[in-house]
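Dumped input-v5.tsv below, it's TSV, C-alpha atoms and all ligand atoms:
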```tsv
chain	number	residue	atom	x	y	z
A	1201	MET	CA	-23.81	34.62	8.09
A	1202	ARG	CA	-20.96	32.48	9.20
A	1203	LYS	CA	-21.83	30.75	12.40
A	1204	SER	CA	-18.97	30.66	14.83
A	1205	HIS	CA	-18.14	27.11	15.56
A	1206	TRP	CA	-20.59	25.82	18.15
A	1207	THR	CA	-19.28	26.51	21.59
A	1208	SER	CA	-16.04	26.89	23.40
A	1209	ARG	CA	-14.36	23.56	23.76
A	1210	ARG	CA	-11.81	22.80	26.37
A	1211	PHE	CA	-10.78	19.28	26.92
A	1212	THR	CA	-8.35	18.49	29.63
A	1213	ALA	CA	-5.65	15.92	29.44
A	1214	ALA	CA	-8.11	13.63	31.16
A	1215	VAL	CA	-9.71	13.09	27.81
A	1216	VAL	CA	-6.67	11.16	26.75
A	1217	GLY	CA	-6.40	9.41	30.03
A	1218	ALA	CA	-3.87	11.52	31.91
A	1219	THR	CA	-4.69	11.79	35.56
A	1220	ALA	CA	-2.41	14.38	37.06
A	1221	THR	CA	-3.96	17.70	37.92
A	1222	ALA	CA	-1.68	19.18	40.58
A	1223	VAL	CA	-0.26	22.63	40.06
A	1224	VAL	CA	3.37	22.43	41.06
A	1225	LEU	CA	4.76	25.43	42.90
A	1226	SER	CA	8.27	26.63	42.44
A	1227	PRO	CA	10.56	25.40	45.17
A	1228	ALA	CA	11.68	29.01	45.76
A	1229	GLY	CA	8.25	29.54	47.27
A	1230	ALA	CA	8.11	33.05	45.87
A	1231	GLY	CA	4.56	32.48	44.82
A	1232	GLU	CA	5.81	31.92	41.37
A	1233	ALA	CA	4.05	28.90	40.06
A	1234	PHE	CA	5.46	27.20	37.13
A	1235	ALA	CA	2.98	25.51	34.94
A	1236	ALA	CA	4.64	22.21	34.51
A	1237	ARG	CA	3.21	20.63	31.43
A	1238	ALA	CA	0.94	17.70	31.74
A	1239	CYS	CA	2.09	14.81	29.71
A	1240	PHE	CA	0.77	11.59	28.29
A	1241	GLU	CA	2.06	8.44	29.94
A	1242	ARG	CA	2.29	5.87	27.19
A	1243	SER	CA	3.09	2.97	29.47
A	1244	VAL	CA	-0.24	3.18	31.27
A	1245	GLU	CA	-2.60	5.05	28.96
A	1246	PRO	CA	-4.45	3.78	25.89
A	1247	TYR	CA	-2.66	3.55	22.57
A	1248	THR	CA	-5.90	4.02	20.68
A	1249	SER	CA	-6.09	7.24	18.69
A	1250	VAL	CA	-7.85	10.32	20.07
A	1251	VAL	CA	-8.74	11.46	16.56
A	1252	ASP	CA	-10.76	9.65	13.91
A	1253	SER	CA	-10.08	11.66	10.78
A	1254	HIS	CA	-11.73	9.12	8.48
A	1255	LEU	CA	-15.18	8.22	9.72
A	1256	HIS	CA	-18.28	7.73	7.57
A	1257	PHE	CA	-21.37	8.76	9.53
A	1258	ARG	CA	-23.49	7.64	6.61
A	1259	PRO	CA	-23.62	4.29	4.82
A	1260	PHE	CA	-23.60	3.39	1.11
A	1261	GLY	CA	-27.27	2.42	1.40
A	1262	GLY	CA	-29.83	1.26	3.96
A	1263	PRO	CA	-30.29	2.77	7.43
A	1264	ALA	CA	-27.50	4.55	9.32
A	1265	ILE	CA	-26.52	4.27	12.96
A	1266	PRO	CA	-28.37	7.24	14.51
A	1267	PHE	CA	-26.20	10.29	15.01
A	1268	GLU	CA	-26.44	10.39	18.80
A	1269	GLU	CA	-25.57	6.72	19.05
A	1270	MET	CA	-22.54	7.26	16.83
A	1271	THR	CA	-21.27	10.20	18.89
A	1272	ASP	CA	-21.74	8.02	21.96
A	1273	TYR	CA	-19.44	5.42	20.38
A	1274	LEU	CA	-16.78	8.10	20.03
A	1275	ARG	CA	-17.07	9.27	23.63
A	1276	LYS	CA	-17.03	5.72	24.96
A	1277	SER	CA	-13.94	4.79	23.00
A	1278	GLY	CA	-11.97	7.94	23.90
A	1279	VAL	CA	-12.15	9.55	20.44
A	1280	ARG	CA	-12.58	13.30	20.99
A	1281	TYR	CA	-12.16	14.65	17.46
A	1282	ALA	CA	-13.60	13.19	14.28
A	1283	ASN	CA	-14.28	14.01	10.68
A	1284	MET	CA	-17.84	13.60	9.66
A	1285	PHE	CA	-17.73	12.04	6.19
A	1286	GLY	CA	-20.74	11.08	4.15
A	1287	ILE	CA	-19.67	8.58	1.55
A	1288	GLY	CA	-18.18	9.29	-1.85
A	1289	GLN	CA	-20.53	7.18	-3.87
A	1290	VAL	CA	-23.86	5.77	-2.79
A	1291	LEU	CA	-26.39	3.19	-3.90
A	1292	PRO	CA	-29.65	4.34	-5.49
A	1293	ALA	CA	-32.26	5.66	-3.05
A	1294	ASP	CA	-34.72	2.96	-4.12
A	1295	SER	CA	-32.25	0.08	-3.68
A	1296	ASP	CA	-32.46	-2.38	-0.77
A	1297	CYS	CA	-28.72	-2.99	-0.97
A	1298	VAL	CA	-26.66	-1.93	2.05
A	1299	TYR	CA	-23.14	-2.75	0.90
A	1300	TYR	CA	-22.11	-2.35	-2.72
A	1301	LEU	CA	-20.08	-5.56	-2.80
A	1302	ASP	CA	-23.31	-7.49	-2.16
A	1303	CYS	CA	-24.98	-6.12	-5.26
A	1304	PRO	CA	-22.65	-5.99	-8.26
A	1305	GLY	CA	-24.39	-4.35	-11.18
A	1306	THR	CA	-26.27	-1.89	-8.97
A	1307	PRO	CA	-24.75	1.46	-9.88
A	1308	VAL	CA	-23.09	3.67	-7.28
A	1309	ARG	CA	-22.92	7.38	-7.98
A	1310	PRO	CA	-21.79	10.43	-6.01
A	1311	ARG	CA	-24.83	12.11	-4.43
A	1312	MET	CA	-25.50	14.99	-2.08
A	1313	ARG	CA	-27.95	13.32	0.24
A	1314	ASN	CA	-25.43	12.18	2.87
A	1315	ASP	CA	-23.90	15.64	3.10
A	1316	PHE	CA	-27.33	17.08	3.82
A	1317	ALA	CA	-28.07	14.35	6.36
A	1318	ASN	CA	-24.80	15.00	8.20
A	1319	ALA	CA	-25.24	18.78	8.11
A	1320	GLU	CA	-28.76	18.39	9.51
A	1321	SER	CA	-27.55	16.16	12.34
A	1322	LEU	CA	-24.86	18.65	13.26
A	1323	ARG	CA	-27.24	21.59	13.04
A	1324	GLU	CA	-29.80	19.84	15.18
A	1325	PHE	CA	-27.62	18.33	17.91
A	1326	ARG	CA	-24.58	20.63	18.00
A	1327	PRO	CA	-22.37	18.34	20.01
A	1328	THR	CA	-19.32	19.79	21.73
A	1329	ASP	CA	-17.88	16.40	22.63
A	1330	PRO	CA	-16.78	14.89	20.36
A	1331	ASP	CA	-15.61	17.83	18.27
A	1332	LEU	CA	-16.83	17.06	14.75
A	1333	THR	CA	-15.61	18.46	11.45
A	1334	LEU	CA	-18.19	18.32	8.70
A	1335	SER	CA	-16.93	17.23	5.29
A	1336	MET	CA	-18.46	17.48	1.81
A	1337	THR	CA	-18.34	14.17	0.00
A	1338	PHE	CA	-20.69	14.62	-2.97
A	1339	MET	CA	-18.08	15.51	-5.56
A	1340	ASP	CA	-18.10	13.57	-8.82
A	1341	LEU	CA	-14.51	13.85	-9.98
A	1342	HIS	CA	-15.33	12.42	-13.39
A	1343	HIS	CA	-17.95	15.15	-13.93
A	1344	PRO	CA	-16.17	18.10	-12.34
A	1345	GLU	CA	-18.49	20.68	-13.86
A	1346	THR	CA	-21.13	19.53	-11.36
A	1347	VAL	CA	-18.99	20.35	-8.32
A	1348	PRO	CA	-19.07	24.19	-8.08
A	1349	PRO	CA	-22.90	24.32	-8.17
A	1350	GLY	CA	-22.95	21.69	-5.41
A	1351	ILE	CA	-20.62	23.75	-3.24
A	1352	GLU	CA	-22.81	26.80	-3.85
A	1353	LEU	CA	-25.85	24.88	-2.70
A	1354	LEU	CA	-24.15	23.71	0.51
A	1355	ASP	CA	-22.88	27.25	1.11
A	1356	ARG	CA	-26.38	28.59	0.79
A	1357	GLU	CA	-27.94	26.05	3.14
A	1358	TYR	CA	-25.09	25.58	5.61
A	1359	PRO	CA	-22.77	28.59	5.43
A	1360	GLY	CA	-19.37	27.99	6.94
A	1361	MET	CA	-20.20	24.54	8.24
A	1362	PHE	CA	-18.19	22.38	5.84
A	1363	ARG	CA	-14.52	22.45	6.83
A	1364	TRP	CA	-13.13	19.40	5.00
A	1365	ALA	CA	-13.64	17.76	1.61
A	1366	GLY	CA	-13.78	14.03	0.93
A	1367	GLU	CA	-13.34	11.21	1.08
A	1368	VAL	CA	-13.88	11.39	-2.66
A	1369	ASN	CA	-12.94	8.68	-5.09
A	1370	VAL	CA	-10.40	9.21	-7.82
A	1371	VAL	CA	-10.12	5.52	-8.56
A	1372	LYS	CA	-11.52	2.79	-6.29
A	1373	GLN	CA	-11.30	-0.60	-7.96
A	1374	ALA	CA	-13.68	-2.22	-5.45
A	1375	LEU	CA	-16.46	-0.13	-6.97
A	1376	PHE	CA	-15.85	-1.17	-10.57
A	1377	PRO	CA	-18.52	-3.94	-10.51
A	1378	ASN	CA	-20.99	-1.23	-9.48
A	1379	LEU	CA	-20.30	0.76	-12.62
A	1380	ALA	CA	-18.43	3.52	-10.81
A	1381	GLU	CA	-16.64	5.89	-13.15
A	1382	PRO	CA	-13.01	6.51	-12.17
A	1383	ALA	CA	-11.48	9.90	-12.79
A	1384	THR	CA	-8.98	10.16	-15.61
A	1385	SER	CA	-5.91	12.25	-16.38
A	1386	GLU	CA	-8.13	14.37	-18.61
A	1387	ASP	CA	-10.44	15.18	-15.69
A	1388	ILE	CA	-7.77	16.45	-13.30
A	1389	PRO	CA	-7.11	19.90	-14.90
A	1390	ASN	CA	-10.86	20.48	-14.85
A	1391	TRP	CA	-10.90	20.32	-11.05
A	1392	ALA	CA	-9.23	23.75	-10.91
A	1393	PRO	CA	-12.37	25.74	-9.98
A	1394	PHE	CA	-13.23	23.68	-6.90
A	1395	MET	CA	-9.63	23.04	-5.89
A	1396	LYS	CA	-9.29	26.83	-5.83
A	1397	VAL	CA	-12.23	27.07	-3.42
A	1398	PHE	CA	-10.71	24.43	-1.13
A	1399	ARG	CA	-7.34	26.17	-1.26
A	1400	GLU	CA	-8.76	29.59	-0.46
A	1401	ARG	CA	-10.78	28.18	2.44
A	1402	GLY	CA	-7.89	26.04	3.70
A	1403	LEU	CA	-10.04	22.90	3.41
A	1404	PRO	CA	-8.07	19.67	3.35
A	1405	VAL	CA	-9.30	17.21	0.72
A	1406	THR	CA	-9.09	13.44	1.20
A	1407	PHE	CA	-8.71	11.49	-2.03
A	1408	HIS	CA	-9.23	7.76	-2.26
A	1409	SER	CA	-6.93	6.83	-5.12
A	1410	ASP	CA	-5.84	3.21	-5.35
A	1411	LEU	CA	-2.15	2.87	-6.00
A	1412	GLY	CA	-2.72	-0.27	-8.06
A	1413	ASN	CA	-3.41	-3.97	-7.67
A	1414	ASP	CA	-1.52	-7.20	-7.22
A	1415	VAL	CA	-0.97	-7.59	-10.96
A	1416	GLU	CA	0.11	-3.98	-11.50
A	1417	PRO	CA	1.04	-2.48	-8.09
A	1418	THR	CA	1.56	1.05	-9.37
A	1419	LYS	CA	-1.00	1.07	-12.15
A	1420	TYR	CA	-2.73	4.26	-10.92
A	1421	LEU	CA	0.19	6.02	-9.26
A	1422	HIS	CA	0.29	8.49	-12.13
A	1423	LEU	CA	-3.12	9.88	-11.14
A	1424	MET	CA	-1.97	10.85	-7.65
A	1425	GLU	CA	1.23	12.30	-9.09
A	1426	GLU	CA	-0.73	14.39	-11.57
A	1427	ILE	CA	-3.04	15.68	-8.82
A	1428	LEU	CA	-0.11	16.63	-6.60
A	1429	ALA	CA	1.74	18.29	-9.48
A	1430	GLN	CA	-1.27	20.31	-10.60
A	1431	TYR	CA	-2.46	21.36	-7.14
A	1432	PRO	CA	0.72	21.83	-5.09
A	1433	ASP	CA	-0.84	24.42	-2.77
A	1434	ASN	CA	-3.86	22.34	-1.76
A	1435	LYS	CA	-3.86	20.38	1.47
A	1436	ILE	CA	-4.16	16.89	0.02
A	1437	VAL	CA	-4.70	13.74	2.08
A	1438	TRP	CA	-4.07	10.37	0.42
A	1439	ALA	CA	-6.51	7.85	1.87
A	1440	HIS	CA	-5.07	4.53	3.08
A	1441	MET	CA	-1.64	5.47	1.66
A	1442	GLY	CA	-3.06	4.18	-1.64
A	1443	LEU	CA	-3.46	0.62	-0.33
A	1444	SER	CA	-6.55	-1.53	-0.83
A	1445	LYS	CA	-7.78	-5.11	-0.80
A	1446	GLU	CA	-6.87	-5.27	-4.49
A	1447	LEU	CA	-3.24	-4.49	-3.60
A	1448	SER	CA	-2.76	-7.03	-0.85
A	1449	HIS	CA	0.93	-7.85	-1.05
A	1450	MET	CA	3.00	-5.04	-2.41
A	1451	ASP	CA	6.63	-4.96	-1.32
A	1452	PRO	CA	6.59	-2.62	1.71
A	1453	ASP	CA	10.02	-1.20	0.87
A	1454	GLU	CA	8.84	-0.24	-2.60
A	1455	HIS	CA	5.64	1.26	-1.19
A	1456	ILE	CA	7.53	3.29	1.40
A	1457	ARG	CA	9.98	4.51	-1.24
A	1458	ILE	CA	7.10	5.88	-3.29
A	1459	LEU	CA	5.53	7.55	-0.26
A	1460	GLU	CA	8.80	9.16	0.80
A	1461	ARG	CA	9.45	10.48	-2.67
A	1462	LEU	CA	5.98	12.05	-2.85
A	1463	LEU	CA	6.20	13.50	0.66
A	1464	ASP	CA	9.57	15.03	-0.18
A	1465	GLN	CA	8.31	16.50	-3.44
A	1466	HIS	CA	4.96	17.73	-2.12
A	1467	PRO	CA	5.04	19.52	1.24
A	1468	ASN	CA	1.23	19.78	1.39
A	1469	LEU	CA	0.65	16.04	1.11
A	1470	THR	CA	-0.50	14.07	4.16
A	1471	VAL	CA	-0.99	10.32	4.23
A	1472	ASP	CA	-4.03	8.77	5.88
A	1473	LEU	CA	-3.47	5.56	7.87
A	1474	SER	CA	-7.14	4.63	8.12
A	1475	TRP	CA	-8.77	1.27	7.38
A	1476	ARG	CA	-8.03	-2.00	9.09
A	1477	VAL	CA	-6.85	-3.47	5.79
A	1478	LEU	CA	-3.52	-1.69	6.39
A	1479	GLU	CA	-3.03	-3.60	9.64
A	1480	ASP	CA	-4.43	-6.88	8.37
A	1481	GLN	CA	-2.53	-7.00	5.07
A	1482	TYR	CA	0.65	-5.09	5.89
A	1483	PHE	CA	1.54	-3.86	9.40
A	1484	SER	CA	0.79	-7.21	11.05
A	1485	LEU	CA	3.22	-9.16	8.87
A	1486	PRO	CA	6.59	-10.14	10.38
A	1487	GLY	CA	9.06	-7.27	10.16
A	1488	VAL	CA	6.69	-4.97	8.32
A	1489	ARG	CA	5.33	-2.96	11.26
A	1490	GLN	CA	8.76	-1.66	12.09
A	1491	LYS	CA	9.38	-0.58	8.50
A	1492	TYR	CA	6.24	1.56	8.50
A	1493	ALA	CA	6.83	2.83	12.03
A	1494	SER	CA	10.33	3.93	11.03
A	1495	PHE	CA	8.90	5.63	7.95
A	1496	LEU	CA	6.40	7.51	10.13
A	1497	ASP	CA	9.10	8.39	12.65
A	1498	ARG	CA	11.09	9.92	9.80
A	1499	HIS	CA	8.03	11.96	8.76
A	1500	PRO	CA	6.10	12.42	12.02
A	1501	THR	CA	4.15	15.46	10.84
A	1502	ARG	CA	2.87	13.91	7.60
A	1503	ALA	CA	0.24	11.37	8.64
A	1504	ILE	CA	-3.21	11.32	10.20
A	1505	THR	CA	-5.19	8.40	11.55
A	1506	GLY	CA	-8.72	7.05	11.35
A	1507	THR	CA	-10.91	3.97	11.36
A	1508	ASP	CA	-12.76	4.17	8.01
A	1509	PHE	CA	-15.76	2.86	9.95
A	1510	VAL	CA	-18.99	3.08	7.93
A	1511	ALA	CA	-22.02	3.71	10.14
A	1512	ALA	CA	-24.41	1.17	8.64
A	1513	ARG	CA	-27.15	0.04	11.02
A	1514	ASN	CA	-26.06	-3.60	10.90
A	1515	LYS	CA	-22.98	-2.64	12.98
A	1516	ASP	CA	-22.73	-1.79	16.65
A	1517	TYR	CA	-20.32	-0.37	19.21
A	1518	ALA	CA	-18.27	-3.56	19.35
A	1519	VAL	CA	-17.41	-3.17	15.67
A	1520	TYR	CA	-16.37	0.46	16.06
A	1521	GLU	CA	-14.31	-0.32	19.15
A	1522	GLN	CA	-12.55	-3.14	17.33
A	1523	GLU	CA	-11.82	-1.10	14.21
A	1524	LEU	CA	-10.38	1.67	16.37
A	1525	GLU	CA	-8.19	-0.82	18.22
A	1526	VAL	CA	-6.97	-2.53	15.06
A	1527	THR	CA	-6.20	0.71	13.22
A	1528	SER	CA	-4.39	1.99	16.35
A	1529	ARG	CA	-1.97	-0.94	16.71
A	1530	ILE	CA	0.62	0.82	14.59
A	1531	ASN	CA	0.64	3.60	17.23
A	1532	ARG	CA	2.41	1.31	19.69
A	1533	ALA	CA	5.41	1.02	17.38
A	1534	LEU	CA	5.82	4.78	16.91
A	1535	GLY	CA	8.37	6.95	18.61
A	1536	ASP	CA	7.03	9.60	20.99
A	1537	GLU	CA	7.08	12.42	18.45
A	1538	ALA	CA	5.08	10.54	15.82
A	1539	PHE	CA	2.77	9.16	18.52
A	1540	ARG	CA	1.89	12.66	19.67
A	1541	ASP	CA	1.55	14.02	16.14
A	1542	ILE	CA	-0.55	11.15	14.84
A	1543	ALA	CA	-2.33	9.31	17.68
A	1544	LEU	CA	-2.82	12.33	19.95
A	1545	GLY	CA	-3.98	14.46	17.03
A	1546	GLN	CA	-1.41	17.23	16.57
A	1547	ASN	CA	-1.22	16.77	12.79
A	1548	TYR	CA	-4.99	16.81	12.48
A	1549	PHE	CA	-5.23	20.02	14.50
A	1550	ARG	CA	-2.59	21.65	12.34
A	1551	LEU	CA	-4.23	20.60	9.07
A	1552	LEU	CA	-7.51	22.12	10.20
A	1553	GLY	CA	-5.90	25.23	11.65
A	1554	LEU	CA	-7.26	24.43	15.12
A	1555	LYS	CA	-5.53	25.92	18.12
A	1556	ALA	CA	-5.91	22.66	19.98
A	1557	LYS	CA	-2.69	21.12	21.21
A	1558	ALA	CA	-2.01	17.50	21.94
A	1559	PRO	CA	-0.32	16.79	25.26
A	1560	LYS	CA	3.35	15.97	25.13
A	1561	VAL	CA	4.42	12.43	25.78
A	1562	CYS	CA	6.00	12.02	29.23
A	1563	PRO	CA	9.70	11.30	29.16
A	1564	SER	CA	10.06	7.61	29.84
A	1565	GLY	CA	10.36	6.90	33.54
A	1566	ALA	CA	8.86	10.25	34.59
A	1567	LYS	CA	5.51	10.56	36.26
A	1568	PRO	CA	2.93	12.84	34.63
A	1569	VAL	CA	2.86	16.09	36.57
A	1570	GLY	CA	1.55	19.59	36.29
A	1571	LYS	CA	-1.43	21.40	34.96
A	1572	ASP	CA	-3.74	19.68	32.60
A	1573	ALA	CA	-2.84	20.13	29.03
A	1574	THR	CA	-5.83	21.59	27.30
A	1575	TYR	CA	-7.30	21.61	23.87
A	1576	PRO	CA	-8.07	25.31	23.60
A	1577	SER	CA	-10.90	26.81	21.66
A	1578	PRO	CA	-10.87	27.32	17.92
A	1579	PRO	CA	-10.11	30.75	16.44
A	1580	GLY	CA	-12.63	33.35	17.50
A	1581	GLN	CA	-13.27	31.68	20.83
A	1582	PRO	CA	-11.64	32.42	24.16
A	1583	ALA	CA	-8.45	30.41	24.37
A	1584	GLY	CA	-7.96	27.76	26.97
A	1585	VAL	CA	-4.74	27.16	28.83
A	1586	ALA	CA	-2.55	26.21	25.94
A	1587	ASP	CA	0.34	23.88	26.26
A	1588	GLU	CA	3.32	25.12	24.34
A	1589	ASP	CA	4.06	23.20	21.26
B	1	ZN	ZN	-13.44	5.65	3.65
```

Structure translated into structure tokens:
Amino acid sequence: MRKSHWTSRRFTAAVVGATATAVVLSPAGAGEAFAARACFERSVEPYTSVVDSHLHFRPFGGPAIPFEEMTDYLRKSGVRYANMFGIGQVLPADSDCVYYLDCPGTPVRPRMRNDFANAESLREFRPTDPDLTLSMTFMDLHHPETVPPGIELLDREYPGMFRWAGEVNVVKQALFPNLAEPATSEDIPNWAPFMKVFRERGLPVTFHSDLGNDVEPTKYLHLMEEILAQYPDNKIVWAHMGLSKELSHMDPDEHIRILERLLDQHPNLTVDLSWRVLEDQYFSLPGVRQKYASFLDRHPTRAITGTDFVAARNKDYAVYEQELEVTSRINRALGDEAFRDIALGQNYFRLLGLKAKAPKVCPSGAKPVGKDATYPSPPGQPAGVADED
């Protein structure tokens, strides 16, 4: 039985900091109210994102931040929608290691345990705020024959609950010392059975696929191109726009050229702006922020945002708050359209097929007025007062 998604969720514009609630009557006084749209006032409201589409509720190893504490972090920081990722590859259950970089030689392998842990948390606590989207992260892309039985198992235990796939690793160089097995060109055609399932269910899939490294900046580009060419009808999200610590100073113009070409060729591709490395290594450099902001303004509907926070117990709220702030700095440089689509969540809602609508950005100089914009209920639930798109 497919469980309808938790409960009706209606968030007012207050969730993103708007304050106006007055219903403005028509000056004709004919009793005809006009529902002036609420809007988001960028000059006074937070620039931090309302959506965290790349959030690992489970760590690589060691204890996790408890679920209720993590959801409290989201509420406190103003994040109202989040993806609930496990982690693509984890340390052995009997290892004391918490972070793979601290224990080279200890193998990391894709496992199902974090997907079960997340599903259990969601089943047990059923939060309505934040609105969480459960994602399956167990897939071993180098052993694709193991994926369909894993999906069947999750379907049996948690029917209808998984609505996203990934983050899964195609190639992640940081994991090489931990004997991770990258996917190869030969593997990609063998993904067809599970990519078909994702396609039919409308599940977006987030791939971590390093673009390259400082010696060979586009060494692995061919893998992403092959995936996009072979699965043009899948909703594919490219984690971190392919960037990584191993690719710390690529020419931004060259990077943006590649992204624009792929976005033009593949209408179902979305880029993911998560991970503070993007800010630290690229956006914060002189002149670079504006290049990326202009790129996003040219393609406002093609990016989603996130922190890439990993909920290991040795972190606390201050770390989450900081990662959200750092990964949101690019938002300040965006035009209003891209700001609404990315920071206020419209692209995320569209990818998931949610009926939720992000509030419009107030025209500069205007005061926010009118009815609260609402995030109406998902399909099958009574709709809230929807703002028009
Ligand atoms: Zn991640």

How far is it from CA of Arg1275 in chain A to CA of Leu1524 in chain A, in Å with one decimal? 12.5 Å

I'd like the interatomic distance between CA of Val1279 in chain A and CA of Asn1514 in chain A, to a tenth of an Å.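 Going from CA of Val1279 in chain A over to CA of Asn1514 in chain A covers 21.4 Å.
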
Fewer than 4 positions away in the same chain doesn't count, so skip those; otherwise give me all residues within 8 Å of range 1483-1489 of chain A, counting all atoms listed in the file, as a list of chain:residue names. A:Pro1452, A:Leu1478, A:Glu1479, A:Ala1493, A:Ile1530, A:Ala1533

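Each of A:Pro1500, A:Gly1442, A:Pro1330, A:Gly1286 was checked against Asp1410 in chain A using all atoms listed in the file; the smallest atom-to-atom distance is that of A:Gly1442.
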
Within 8 Å of ligand ZN 1 (chain B), counting only C-alpha atoms and all ligand atoms, residues as a list in words: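 Based on only C-alpha atoms and all ligand atoms, ligand ZN 1 (chain B) is surrounded within 8 Å by His1254, Leu1255, His1256, Ile1287, Glu1367, His1408, Ala1439, Ser1474, Trp1475, Asp1508, Phe1509 and Val1510 of chain A.
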
Considering only C-alpha atoms, can you say which of A:Ile1388, A:Leu1447, A:Leu1322, A:Met1270 comes closest to His1343 in chain A?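 Nearest to His1343 in chain A: A:Ile1388.
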
When distances are computed from only C-alpha atoms, which of A:Pro1266, A:Val1290, A:Glu1324, A:Lys1396 shows the smallest separation from Asp1516 in chain A?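 That would be A:Pro1266, the residue with the smallest distance to Asp1516 in chain A.
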
Excluding same-chain residues fewer than 6 positions from Arg1258 in chain A, what lies within 9 Å of it counting all atoms listed in the file, as a PyMOL selection string? chain A and resi 1264-1265+1284-1287+1314-1315+1317-1318+1510-1512

Give me a file of those residues, with C-alpha atoms, as a PDB file, in the coordinates of the input.
```pdb
ATOM      1  CA  ALA A1264     -27.500   4.550   9.320  1.00  0.00           C
ATOM      2  CA  ILE A1265     -26.520   4.270  12.960  1.00  0.00           C
ATOM      3  CA  MET A1284     -17.840  13.600   9.660  1.00  0.00           C
ATOM      4  CA  PHE A1285     -17.730  12.040   6.190  1.00  0.00           C
ATOM      5  CA  GLY A1286     -20.740  11.080   4.150  1.00  0.00           C
ATOM      6  CA  ILE A1287     -19.670   8.580   1.550  1.00  0.00           C
ATOM      7  CA  ASN A1314     -25.430  12.180   2.870  1.00  0.00           C
ATOM      8  CA  ASP A1315     -23.900  15.640   3.100  1.00  0.00           C
ATOM      9  CA  ALA A1317     -28.070  14.350   6.360  1.00  0.00           C
ATOM     10  CA  ASN A1318     -24.800  15.000   8.200  1.00  0.00           C
ATOM     11  CA  VAL A1510     -18.990   3.080   7.930  1.00  0.00           C
ATOM     12  CA  ALA A1511     -22.020   3.710  10.140  1.00  0.00           C
ATOM     13  CA  ALA A1512     -24.410   1.170   8.640  1.00  0.00           C
TER      14      ALA A1512
END
```

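CA of Arg1401 in chain A is positioned 15.6 Å from CA of Phe1549 in chain A.
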
Test item: residues at most 12 Å from Leu1462 in chain A, only C-alpha atoms, excluding those fewer than 2 positions along its chain, as an MDAnalysis selection string: chainID A and resid 1421:1422 1424:1429 1432 1436:1438 1441 1455:1460 1464:1471 1499 1502

Calculated over all atoms listed in the file, which of the candidates A:Gln1481, A:Thr1384, A:Thr1337, A:Asn1378 has the smallest distance to Pro1310 in chain A?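 Looking only at the distances to Pro1310 in chain A, the closest residue turns out to be A:Thr1337.
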
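Nearest residue to Val1561 in chain A among A:Ser1528, A:Ser1295, A:Gln1546, A:Thr1271 is A:Gln1546, counting only C-alpha atoms.
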
Could you list, as a VMD selection string, every residue within 8 Å of Gly1350 in chain A, counting all atoms listed in the file and ignoring same-chain residues fewer than 2 positions away? chain A and resid 1312 1338 to 1339 1346 to 1348 1352 to 1354

Written file, previous selection with C-alpha atoms, as a PDB file, in the coordinates of the input:
```
ATOM      1  CA  MET A1312     -25.500  14.990  -2.080  1.00  0.00           C
ATOM      2  CA  PHE A1338     -20.690  14.620  -2.970  1.00  0.00           C
ATOM      3  CA  MET A1339     -18.080  15.510  -5.560  1.00  0.00           C
ATOM      4  CA  THR A1346     -21.130  19.530 -11.360  1.00  0.00           C
ATOM      5  CA  VAL A1347     -18.990  20.350  -8.320  1.00  0.00           C
ATOM      6  CA  PRO A1348     -19.070  24.190  -8.080  1.00  0.00           C
ATOM      7  CA  GLU A1352     -22.810  26.800  -3.850  1.00  0.00           C
ATOM      8  CA  LEU A1353     -25.850  24.880  -2.700  1.00  0.00           C
ATOM      9  CA  LEU A1354     -24.150  23.710   0.510  1.00  0.00           C
TER      10      LEU A1354
END
```

Close residues, Val1405 in chain A itself excluded, 8 Å, only C-alpha atoms, min 2 positions apart in chain, as a PyMOL selection string: chain A and resi 1364-1367+1398+1403+1407+1434-1437

Could you write those residues out with C-alpha atoms, as a short mmCIF file (atom, residue, chain, number, x, y, z; two decimals), keeping the file's coordinate frame?
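result10.cif written:
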```cif
data_model
loop_
_atom_site.label_atom_id
_atom_site.label_comp_id
_atom_site.auth_asym_id
_atom_site.auth_seq_id
_atom_site.Cartn_x
_atom_site.Cartn_y
_atom_site.Cartn_z
CA TRP A 1364 -13.13 19.40 5.00
CA ALA A 1365 -13.64 17.76 1.61
CA GLY A 1366 -13.78 14.03 0.93
CA GLU A 1367 -13.34 11.21 1.08
CA PHE A 1398 -10.71 24.43 -1.13
CA LEU A 1403 -10.04 22.90 3.41
CA PHE A 1407 -8.71 11.49 -2.03
CA ASN A 1434 -3.86 22.34 -1.76
CA LYS A 1435 -3.86 20.38 1.47
CA ILE A 1436 -4.16 16.89 0.02
CA VAL A 1437 -4.70 13.74 2.08
#
```

Of the listed residues A:Phe1539, A:Tyr1420, A:Tyr1431, A:Phe1240, that which approaches Lys1372 in chain A most closely, counting only C-alpha atoms: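 Using only C-alpha atoms, Lys1372 in chain A sits closest to A:Tyr1420.
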